[in-house]
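Asks: I'd like to ask some things about the structure below.
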Amino acid sequence: MPVSDPTPMLVSDFHYDLPVELIAQHPPAQRGSSRMMVLNRATGALRDDLFANLPQLLQPGDLLILNDSRVLPARLFATRGGARTQARSPQPSGLIEVLLTEQIEAQIETQPETQPEASAAHPAENLWRALVRPARKVRPGETLLFFDRSPEASSAQPLLTAEILAAGPFGERTLRFAPLPDFHAALSRIGHMPLPPYIHRRQSSQPDSEEDRARYQTVYSHPPGSAAAPTAGLHFTPEILAALRARGVEIATLTLHVGLGTFQPVRVSRLADIRLHAERYTLPAATAEALNRALAEGRRIVAAGTTTTRALEHIAAQASGAPSMTVPSSWVGSNEPGAPSMTVSSGAPCERSLLAGVESSWVGSNEPQQPPLHLEPHSGSTSIFLAPGHRFRIVGGLLTNFHLPESTLLMLVAAFAACTDNGERTTENAPAPGLHTILAAYDHAIRLRYRFYSYGDCMLLL
């Protein structure tokens with residue numbers, strides 16, 4: 001394959017400046033009343049609209065896929081207990097923030113230097129991965145005490161206790177909670193909604209508002225397990241869902257529990273070095289059948305959110321028996337942790353690929369026609385990283401919120417913006433396709449004072 005420029009794509013390529021006042025601190029007064037920017041990927045044209053008009057913008061026969069994961073009240077505040085942590089004080093002191101990110105299997109493997117002496121299998125319900133802050137104070141073998149600090153609390157005893165089993169980088173910890181008849185009831189009682197740090201709340205000293213408890217959750221959420229909301233879904237109301245069905249849009253759900261793979265900050269400078277944590281997902285039988293029908297009939301599949309997109313494209317990669325093109329890791333990030341290169345499956349004709357250092361023609365355009373996908377219901381985990389160069393096998397439309405600069409979610413949206421149906425070549429010295437399109441769209445949103453991030457407005461890419 002001819003190479004015209006070996007320069008790798010950088011995380012800094014995805015930077016933009018956002019006035020702080022455009023970061024939405026609260027949801028709109030009425031769910032579903034957000035603004036929505038509509039982007040035509042083939043032309044780059046933008047149109048300002050309202051989310052309430054989504055039923056008129058989708059077509060009869062479209063298949064809309066939603067992520068129905070329910071957000072856990074996963075932010076907790078603890079004190080350190082035990083003589084080991086406070087040899088000079090009989091009382092624990094100092095708040096430790098704990099964000100539960102994933103419920104994990106009963107048997108864990110850790111590095112020998114961070115593993116406690118006894119590491120037998122433990123009840124899966126009580127074993128969790130978490131982010132802890134300040135992390136330097138919390139080491140394996142220590143105990144955290146979680147109290148009910150509400151005014152009506154009747155006991156001075158901790159409601160939950162947890163032992164630190166293992167330590168990882170950047171504040172990652174493995175916690176084992178003491179057995180409890182109903183762990184999730186206790187979590188609901190003392191936990192807080194895991195609002196991102198750019199939404200300013202005093203959760204360590206104040207209970208969650210009714211607004212945050214209700215609005216940082218989709219109206220169709222069901223199985224609990226997410227450490228952050230699939231925010232594109234926050235806009236939907238029962239009435240809008242009913243209008244979509246009346247329009248002839250088919251709606252189905254899958255589950256991806258949002259964890260570190262979605263919202264962890266990027267700490268490397270090159271896309272080639274990005275590695276995401278795995279997140280658990282489930283593809284139900286009814287959704288697999290709906291996807292198979294839509295794919296066989298050539299109907300458009302629209303993903304509500306980047307989490308839904310990641311799950312669908314991972315499932316497509318698993319189901320595809322087609323040969324893949326391996327792109328050197330000096331050009332773009334890999335799909336799986338530890339992988340030396342990125343595999344880009346050949347896909348639908350709209351999926352052009354221009355990687356830094358790759359000739360600006362359609363990659364794989366001369367490859368033989370790939371067999372249609374056939375998806376089976378299953379559960380699994382994905383650490384797929386979707387960046388410019390990815391060839392989308394399933395997703396043909398994307399509803400998404402506006403994302404942080406230099407985030408993997410912005411990279412995903414830029415990758416999708418590059419996928420057009422017209423088959424035009426870009427100029428040889430152009431940047432990764434989709435990047436300028438998305439940055440121009442974000443500039444438009446800033447100039448028109450759209451609201452950004454989790455509680456903000458949205459965009460529809462078709």
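If you're wondering about the labels, chains in the structure tokens are A, B, ... by order shown, residues count from 1 in each chain, ligands from 1 in order shown.
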Within 9 Å of range 68-83 of chain A, which residues of range 132-196 of chain A come that close, and what is the closest atom pair and distance in Å for each? Count only C-alpha atoms and give it as JSON lines.

Replies:
{"residue": "A:Lys137", "atom": "CA", "partner": "A:Arg80", "partner_atom": "CA", "distance": 8.9}
{"residue": "A:Val138", "atom": "CA", "partner": "A:Arg80", "partner_atom": "CA", "distance": 8.0}
{"residue": "A:Glu142", "atom": "CA", "partner": "A:Gly82", "partner_atom": "CA", "distance": 7.4}
{"residue": "A:Thr143", "atom": "CA", "partner": "A:Gly81", "partner_atom": "CA", "distance": 5.5}
{"residue": "A:Leu144", "atom": "CA", "partner": "A:Arg80", "partner_atom": "CA", "distance": 4.8}
{"residue": "A:Leu145", "atom": "CA", "partner": "A:Thr79", "partner_atom": "CA", "distance": 5.2}
{"residue": "A:Phe146", "atom": "CA", "partner": "A:Ala78", "partner_atom": "CA", "distance": 4.7}
{"residue": "A:Phe147", "atom": "CA", "partner": "A:Ala78", "partner_atom": "CA", "distance": 7.1}
{"residue": "A:Thr161", "atom": "CA", "partner": "A:Ala78", "partner_atom": "CA", "distance": 8.8}
{"residue": "A:His184", "atom": "CA", "partner": "A:Leu72", "partner_atom": "CA", "distance": 8.8}
{"residue": "A:Leu187", "atom": "CA", "partner": "A:Pro73", "partner_atom": "CA", "distance": 6.6}
{"residue": "A:Ser188", "atom": "CA", "partner": "A:Pro73", "partner_atom": "CA", "distance": 6.0}
{"residue": "A:Arg189", "atom": "CA", "partner": "A:Pro73", "partner_atom": "CA", "distance": 8.7}
{"residue": "A:Ile190", "atom": "CA", "partner": "A:Leu76", "partner_atom": "CA", "distance": 7.1}
{"residue": "A:Gly191", "atom": "CA", "partner": "A:Pro73", "partner_atom": "CA", "distance": 4.8}
{"residue": "A:His192", "atom": "CA", "partner": "A:Pro73", "partner_atom": "CA", "distance": 4.6}
{"residue": "A:Met193", "atom": "CA", "partner": "A:Pro73", "partner_atom": "CA", "distance": 4.3}
{"residue": "A:Pro194", "atom": "CA", "partner": "A:Arg75", "partner_atom": "CA", "distance": 5.3}
{"residue": "A:Leu195", "atom": "CA", "partner": "A:Arg75", "partner_atom": "CA", "distance": 8.4}

Asks: With N, CA and C atoms retained, write the just-selected residues as a JSON list (two decimals), in the first residue's frame.

Replies:
[["chain", "number", "residue", "atom", "x", "y", "z"],
["A", 137, "LYS", "N", -3.53, 7.13, 49.28],
["A", 137, "LYS", "CA", -3.78, 6.76, 50.67],
["A", 137, "LYS", "C", -4.41, 5.38, 50.82],
["A", 138, "VAL", "N", -4.89, 4.82, 49.72],
["A", 138, "VAL", "CA", -5.69, 3.59, 49.80],
["A", 138, "VAL", "C", -4.93, 2.45, 49.16],
["A", 142, "GLU", "N", -6.19, -2.61, 53.09],
["A", 142, "GLU", "CA", -6.90, -1.65, 53.92],
["A", 142, "GLU", "C", -8.41, -1.84, 53.80],
["A", 143, "THR", "N", -9.14, -1.24, 54.74],
["A", 143, "THR", "CA", -10.60, -1.35, 54.78],
["A", 143, "THR", "C", -11.21, 0.04, 54.67],
["A", 144, "LEU", "N", -12.27, 0.12, 53.87],
["A", 144, "LEU", "CA", -13.03, 1.36, 53.74],
["A", 144, "LEU", "C", -14.39, 1.18, 54.40],
["A", 145, "LEU", "N", -14.84, 2.21, 55.11],
["A", 145, "LEU", "CA", -16.11, 2.19, 55.82],
["A", 145, "LEU", "C", -17.05, 3.20, 55.16],
["A", 146, "PHE", "N", -18.26, 2.73, 54.84],
["A", 146, "PHE", "CA", -19.24, 3.57, 54.16],
["A", 146, "PHE", "C", -20.43, 3.78, 55.09],
["A", 147, "PHE", "N", -20.63, 5.02, 55.55],
["A", 147, "PHE", "CA", -21.69, 5.33, 56.51],
["A", 147, "PHE", "C", -22.88, 5.98, 55.81],
["A", 161, "THR", "N", -18.92, -2.11, 54.20],
["A", 161, "THR", "CA", -17.47, -2.13, 54.40],
["A", 161, "THR", "C", -16.84, -2.85, 53.22],
["A", 184, "HIS", "N", -27.51, -3.94, 46.62],
["A", 184, "HIS", "CA", -27.97, -2.84, 45.77],
["A", 184, "HIS", "C", -28.91, -1.90, 46.51],
["A", 187, "LEU", "N", -26.60, 0.30, 48.35],
["A", 187, "LEU", "CA", -25.98, 1.21, 47.40],
["A", 187, "LEU", "C", -26.94, 2.34, 47.03],
["A", 188, "SER", "N", -28.18, 2.01, 46.82],
["A", 188, "SER", "CA", -29.18, 3.02, 46.47],
["A", 188, "SER", "C", -29.38, 4.01, 47.62],
["A", 189, "ARG", "N", -29.20, 3.52, 48.83],
["A", 189, "ARG", "CA", -29.43, 4.37, 50.00],
["A", 189, "ARG", "C", -28.32, 5.39, 50.20],
["A", 190, "ILE", "N", -27.08, 4.99, 50.03],
["A", 190, "ILE", "CA", -25.98, 5.91, 50.35],
["A", 190, "ILE", "C", -25.17, 6.35, 49.12],
["A", 191, "GLY", "N", -25.42, 5.73, 47.97],
["A", 191, "GLY", "CA", -24.67, 6.10, 46.78],
["A", 191, "GLY", "C", -25.23, 7.34, 46.10],
["A", 192, "HIS", "N", -24.40, 7.93, 45.26],
["A", 192, "HIS", "CA", -24.78, 9.12, 44.49],
["A", 192, "HIS", "C", -24.71, 8.80, 43.00],
["A", 193, "MET", "N", -25.52, 9.51, 42.22],
["A", 193, "MET", "CA", -25.43, 9.37, 40.78],
["A", 193, "MET", "C", -24.02, 9.79, 40.33],
["A", 194, "PRO", "N", -23.39, 9.02, 39.45],
["A", 194, "PRO", "CA", -22.00, 9.31, 39.07],
["A", 194, "PRO", "C", -21.91, 10.42, 38.03],
["A", 195, "LEU", "N", -22.33, 11.60, 38.41],
["A", 195, "LEU", "CA", -22.26, 12.74, 37.50],
["A", 195, "LEU", "C", -20.80, 13.04, 37.16]]

Asks: Near Ala29 in chain A, within 12 Å and counting only C-alpha atoms, which residues show up once chain neighbours fewer than 3 positions away are dropped, as a ChimeraX atom specification?

Replies: /A:24-26,32-34,211,215,235,455-456

Asks: Quick one: write out the picked residues with C-alpha atoms as an mmCIF file, in the first residue's frame?

Replies:
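This is the output file selection_17.cif:
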data_model
loop_
_atom_site.group_PDB
_atom_site.id
_atom_site.type_symbol
_atom_site.label_atom_id
_atom_site.label_comp_id
_atom_site.auth_asym_id
_atom_site.auth_seq_id
_atom_site.Cartn_x
_atom_site.Cartn_y
_atom_site.Cartn_z
ATOM 1 C CA ALA A 24 -24.694 22.262 30.685
ATOM 2 C CA GLN A 25 -25.002 22.073 34.469
ATOM 3 C CA HIS A 26 -28.625 20.919 34.438
ATOM 4 C CA GLY A 32 -36.861 15.922 24.947
ATOM 5 C CA SER A 33 -36.740 19.690 24.393
ATOM 6 C CA SER A 34 -33.038 19.871 23.509
ATOM 7 C CA GLU A 211 -33.626 16.138 39.203
ATOM 8 C CA ARG A 215 -32.759 12.895 34.586
ATOM 9 C CA HIS A 235 -33.347 12.987 25.359
ATOM 10 C CA TYR A 455 -26.925 17.347 30.053
ATOM 11 C CA GLY A 456 -26.485 19.269 26.820
#

Asks: Env of Leu244 in chain A: 12 Å cut, atoms = only C-alpha atoms, seq-sep filter 3 positions within chain, self excluded. Answer as a list of chain:residue names.

Replies: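 The residues satisfying every condition are A:Phe51, A:Ala52, A:Asn53, A:Leu54, A:Pro55, A:Gln56, A:Leu57, A:Leu58, A:Gln59, A:Pro60, A:Gly61, A:Asp62, A:Leu63, A:Leu64, A:Phe236, A:Thr237, A:Pro238, A:Glu239, A:Ile240, A:Leu241, A:Arg247, A:Gly248, A:Val249, A:Glu250, A:Ile251, A:Ala252.
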
Asks: Keeping only C-alpha atoms, write the selected residues as a PDB file, in the first residue's frame.

Replies:
ATOM      1  CA  PHE A  51     -34.679  16.633  19.096  1.00  0.00           C
ATOM      2  CA  ALA A  52     -38.483  16.508  19.242  1.00  0.00           C
ATOM      3  CA  ASN A  53     -38.427  16.387  15.419  1.00  0.00           C
ATOM      4  CA  LEU A  54     -36.387  13.175  15.319  1.00  0.00           C
ATOM      5  CA  PRO A  55     -39.411  11.086  14.183  1.00  0.00           C
ATOM      6  CA  GLN A  56     -39.694  13.252  11.056  1.00  0.00           C
ATOM      7  CA  LEU A  57     -35.958  12.998  10.319  1.00  0.00           C
ATOM      8  CA  LEU A  58     -35.772   9.204  10.400  1.00  0.00           C
ATOM      9  CA  GLN A  59     -37.373   7.095   7.687  1.00  0.00           C
ATOM     10  CA  PRO A  60     -39.969   4.320   7.887  1.00  0.00           C
ATOM     11  CA  GLY A  61     -38.053   1.071   8.047  1.00  0.00           C
ATOM     12  CA  ASP A  62     -35.092   2.500   9.939  1.00  0.00           C
ATOM     13  CA  LEU A  63     -33.977   0.391  12.894  1.00  0.00           C
ATOM     14  CA  LEU A  64     -33.113   2.424  15.984  1.00  0.00           C
ATOM     15  CA  PHE A 236     -35.971  10.331  24.642  1.00  0.00           C
ATOM     16  CA  THR A 237     -39.452  10.484  26.153  1.00  0.00           C
ATOM     17  CA  PRO A 238     -42.212   7.875  25.974  1.00  0.00           C
ATOM     18  CA  GLU A 239     -44.076  10.205  23.614  1.00  0.00           C
ATOM     19  CA  ILE A 240     -41.137  10.556  21.210  1.00  0.00           C
ATOM     20  CA  LEU A 241     -40.579   6.794  21.247  1.00  0.00           C
ATOM     21  CA  ARG A 247     -43.552   6.710  11.855  1.00  0.00           C
ATOM     22  CA  GLY A 248     -42.563   3.123  11.069  1.00  0.00           C
ATOM     23  CA  VAL A 249     -39.171   3.191  12.825  1.00  0.00           C
ATOM     24  CA  GLU A 250     -38.374  -0.134  14.442  1.00  0.00           C
ATOM     25  CA  ILE A 251     -36.842   0.134  17.935  1.00  0.00           C
ATOM     26  CA  ALA A 252     -34.714  -2.481  19.688  1.00  0.00           C
TER      27      ALA A 252
END

Asks: Would you kindly return, as a compact mmCIF listing (two decimals) with N, CA and C atoms, in the first residue's frame, each protein, DNA or RNA residue with an atom no farther than 10 Å from any atom of Tyr442 in chain A, considering only C-alpha atoms and excluding same-chain residues fewer than 2 positions away?

Replies:
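What ended up in part_33.txt:
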# COMPACT_ATOMS: atom_id res chain seq x y z
N TYR A 16 -10.40 21.19 20.71
CA TYR A 16 -11.14 22.41 20.39
C TYR A 16 -11.32 23.18 21.69
N ASP A 17 -11.58 24.47 21.59
CA ASP A 17 -11.76 25.33 22.75
C ASP A 17 -13.24 25.56 22.99
N LEU A 18 -13.67 25.32 24.23
CA LEU A 18 -15.08 25.47 24.58
C LEU A 18 -15.23 26.47 25.71
N MET A 37 -28.41 19.36 16.25
CA MET A 37 -27.76 19.69 14.99
C MET A 37 -27.79 18.45 14.10
N PHE A 402 -22.58 16.15 22.40
CA PHE A 402 -21.29 16.77 22.11
C PHE A 402 -20.28 16.32 23.16
N HIS A 403 -19.08 15.96 22.72
CA HIS A 403 -18.11 15.29 23.59
C HIS A 403 -16.91 16.16 23.91
N HIS A 436 -12.04 17.25 10.22
CA HIS A 436 -12.40 18.65 9.93
C HIS A 436 -13.91 18.83 9.91
N THR A 437 -14.64 17.81 9.43
CA THR A 437 -16.10 17.90 9.41
C THR A 437 -16.65 18.08 10.82
N ILE A 438 -16.15 17.29 11.76
CA ILE A 438 -16.64 17.36 13.13
C ILE A 438 -16.18 18.63 13.82
N LEU A 439 -14.94 19.01 13.63
CA LEU A 439 -14.48 20.24 14.26
C LEU A 439 -15.24 21.45 13.73
N ALA A 440 -15.58 21.44 12.45
CA ALA A 440 -16.40 22.52 11.89
C ALA A 440 -17.80 22.51 12.49
N HIS A 444 -19.54 25.44 14.78
CA HIS A 444 -20.89 25.94 14.52
C HIS A 444 -21.72 25.88 15.81
N ALA A 445 -21.63 24.77 16.54
CA ALA A 445 -22.40 24.62 17.78
C ALA A 445 -21.98 25.66 18.81
N ILE A 446 -20.69 25.94 18.90
CA ILE A 446 -20.21 26.93 19.87
C ILE A 446 -20.71 28.32 19.49
N ARG A 447 -20.64 28.65 18.21
CA ARG A 447 -21.09 29.98 17.77
C ARG A 447 -22.57 30.18 18.01
N LEU A 448 -23.36 29.10 17.89
CA LEU A 448 -24.80 29.20 18.10
C LEU A 448 -25.22 28.85 19.52
N TYR A 450 -24.93 26.20 21.49
CA TYR A 450 -25.48 24.91 21.90
C TYR A 450 -24.95 24.58 23.30
N PHE A 452 -23.38 21.81 25.87
CA PHE A 452 -22.46 20.71 25.64
C PHE A 452 -22.51 19.66 26.78
N MET A 459 -26.54 15.88 18.47
CA MET A 459 -26.42 15.99 17.00
C MET A 459 -26.78 14.66 16.38

Asks: Which of these residues is nearest to Ala186 in chain A, using only C-alpha atoms: A:Leu160, A:Leu10, A:Ala227, A:Leu165?

Replies: A:Leu160

Asks: From the DSSP assignment of the backbone, select every residue of range 26-258 of chain A that is alpha helix (DSSP H), and format the answer as a ChimeraX atom specification.

Replies: /A:54-57,183-190,210-215,238-247

Asks: Kindly give the distance, in Å, that separates CA of Ala156 in chain A and CA of Gly94 in chain A, rounded to a single decimal.

Replies: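 Interatomic distance, CA of Ala156 in chain A to CA of Gly94 in chain A: 16.6 Å.
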
Asks: Select, from A:Ala441, A:Ile65, A:Ala153, A:Ala214, the residue with the minimum atom-to-atom distance to Thr308 in chain A, counting only C-alpha atoms.

Replies: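 The answer is A:Ile65, which sits nearest to Thr308 in chain A.
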
Asks: Would you pick out the contacts of range 394-400 of chain A at 6 Å or less, using only C-alpha atoms, so that residues sharing its chain but fewer than 4 positions from it are not included, and give the list as a list in words?

Replies: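 Once the nearby chain positions are removed, what remains is Ala232, Arg300, Ile301, Val302, Ala303, Ala304, Gly305, Cys458, Met459, Leu460, Leu461 and Leu462 of chain A.
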
Asks: Go ahead and save the picked residues with N, CA and C atoms, as a PDB file, in the first residue's frame.

Replies:
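Once everything was written out, this is result.pdb:
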ATOM      1  N   ALA A 232     -26.811  10.066  25.045  1.00  0.00           N
ATOM      2  CA  ALA A 232     -27.680  10.335  23.894  1.00  0.00           C
ATOM      3  C   ALA A 232     -29.106   9.874  24.180  1.00  0.00           C
ATOM      4  N   ARG A 300     -31.598   1.033   7.006  1.00  0.00           N
ATOM      5  CA  ARG A 300     -30.627   1.785   7.793  1.00  0.00           C
ATOM      6  C   ARG A 300     -30.754   1.444   9.272  1.00  0.00           C
ATOM      7  N   ILE A 301     -29.605   1.317   9.930  1.00  0.00           N
ATOM      8  CA  ILE A 301     -29.550   1.060  11.366  1.00  0.00           C
ATOM      9  C   ILE A 301     -28.961   2.289  12.030  1.00  0.00           C
ATOM     10  N   VAL A 302     -29.722   2.877  12.942  1.00  0.00           N
ATOM     11  CA  VAL A 302     -29.331   4.110  13.618  1.00  0.00           C
ATOM     12  C   VAL A 302     -29.014   3.778  15.070  1.00  0.00           C
ATOM     13  N   ALA A 303     -27.837   4.154  15.522  1.00  0.00           N
ATOM     14  CA  ALA A 303     -27.418   3.903  16.900  1.00  0.00           C
ATOM     15  C   ALA A 303     -27.657   5.151  17.738  1.00  0.00           C
ATOM     16  N   ALA A 304     -28.309   4.976  18.876  1.00  0.00           N
ATOM     17  CA  ALA A 304     -28.467   6.071  19.826  1.00  0.00           C
ATOM     18  C   ALA A 304     -27.278   6.036  20.773  1.00  0.00           C
ATOM     19  N   GLY A 305     -26.262   6.821  20.447  1.00  0.00           N
ATOM     20  CA  GLY A 305     -25.130   6.957  21.338  1.00  0.00           C
ATOM     21  C   GLY A 305     -23.880   6.208  20.918  1.00  0.00           C
ATOM     22  N   CYS A 458     -27.752  17.763  21.365  1.00  0.00           N
ATOM     23  CA  CYS A 458     -27.288  16.557  20.652  1.00  0.00           C
ATOM     24  C   CYS A 458     -27.099  16.861  19.172  1.00  0.00           C
ATOM     25  N   MET A 459     -26.537  15.884  18.466  1.00  0.00           N
ATOM     26  CA  MET A 459     -26.421  15.990  17.004  1.00  0.00           C
ATOM     27  C   MET A 459     -26.782  14.661  16.383  1.00  0.00           C
ATOM     28  N   LEU A 460     -27.274  14.712  15.174  1.00  0.00           N
ATOM     29  CA  LEU A 460     -27.694  13.540  14.412  1.00  0.00           C
ATOM     30  C   LEU A 460     -26.871  13.496  13.147  1.00  0.00           C
ATOM     31  N   LEU A 461     -26.135  12.418  12.953  1.00  0.00           N
ATOM     32  CA  LEU A 461     -25.306  12.241  11.769  1.00  0.00           C
ATOM     33  C   LEU A 461     -25.947  11.209  10.865  1.00  0.00           C
ATOM     34  N   LEU A 462     -26.293  11.599   9.638  1.00  0.00           N
ATOM     35  CA  LEU A 462     -26.963  10.707   8.697  1.00  0.00           C
ATOM     36  C   LEU A 462     -26.219  10.716   7.353  1.00  0.00           C
TER      37      LEU A 462
END

Asks: Take CA of Asp48 in chain A and CA of Asn401 in chain A and report the distance between them in Å, one decimal.

Replies: 14.1 Å

Asks: Between A:Glu279, A:Glu289, A:Glu21, A:Glu376, single out the one closest to Ser320 in chain A, counting only C-alpha atoms.

Replies: A:Glu376

Asks: Of the residues A:Val11, A:Ala228, A:Ala311, A:Leu254, which is the one nearest to Pro284 in chain A, using only C-alpha atoms?

Replies: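 Checking each of A:Val11, A:Ala228, A:Ala311, A:Leu254 against Pro284 in chain A, counting only C-alpha atoms, the winner is A:Leu254.
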
Asks: Go through A:Thr309, A:Thr218, A:Gln206, A:Gln30 and flag the residue nearest Ala415 in chain A, using only C-alpha atoms for the distances.

Replies: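 Among A:Thr309, A:Thr218, A:Gln206, A:Gln30, it is A:Thr309 that comes nearest to Ala415 in chain A.
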
Asks: Find the residues near Ala414 in chain A: any atom within 7 Å, counting only C-alpha atoms, skip ones fewer than 4 places away on the same chain, and give them as a PyMOL selection string.

Replies: chain A and resi 388+410+418+434-435+438

Asks: Include C-alpha atoms and write out the residues we just selected as a PDB file, in the first residue's frame.

Replies:
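Below is the file that was written, selection_30.pdb:
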ATOM      1  CA  PRO A 388     -10.808   7.551  11.857  1.00  0.00           C
ATOM      2  CA  LEU A 410     -14.989  12.525  19.790  1.00  0.00           C
ATOM      3  CA  ALA A 418     -15.977  10.301   7.450  1.00  0.00           C
ATOM      4  CA  GLY A 434     -14.285  13.325   9.378  1.00  0.00           C
ATOM      5  CA  LEU A 435     -11.960  15.272  11.656  1.00  0.00           C
ATOM      6  CA  ILE A 438     -16.642  17.359  13.131  1.00  0.00           C
TER       7      ILE A 438
END

Asks: Given the choices A:Thr408, A:Glu172, A:Tyr220, A:Thr253, which gets closest to Thr282 in chain A if the distance is worked out from only C-alpha atoms?

Replies: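 Comparing A:Thr408, A:Glu172, A:Tyr220, A:Thr253 against Thr282 in chain A, the winner is A:Thr253.
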
Asks: Report, in Å with one decimal, the straight-line distance from CA of Ala178 in chain A to CA of Gln103 in chain A.

Replies: 14.3 Å
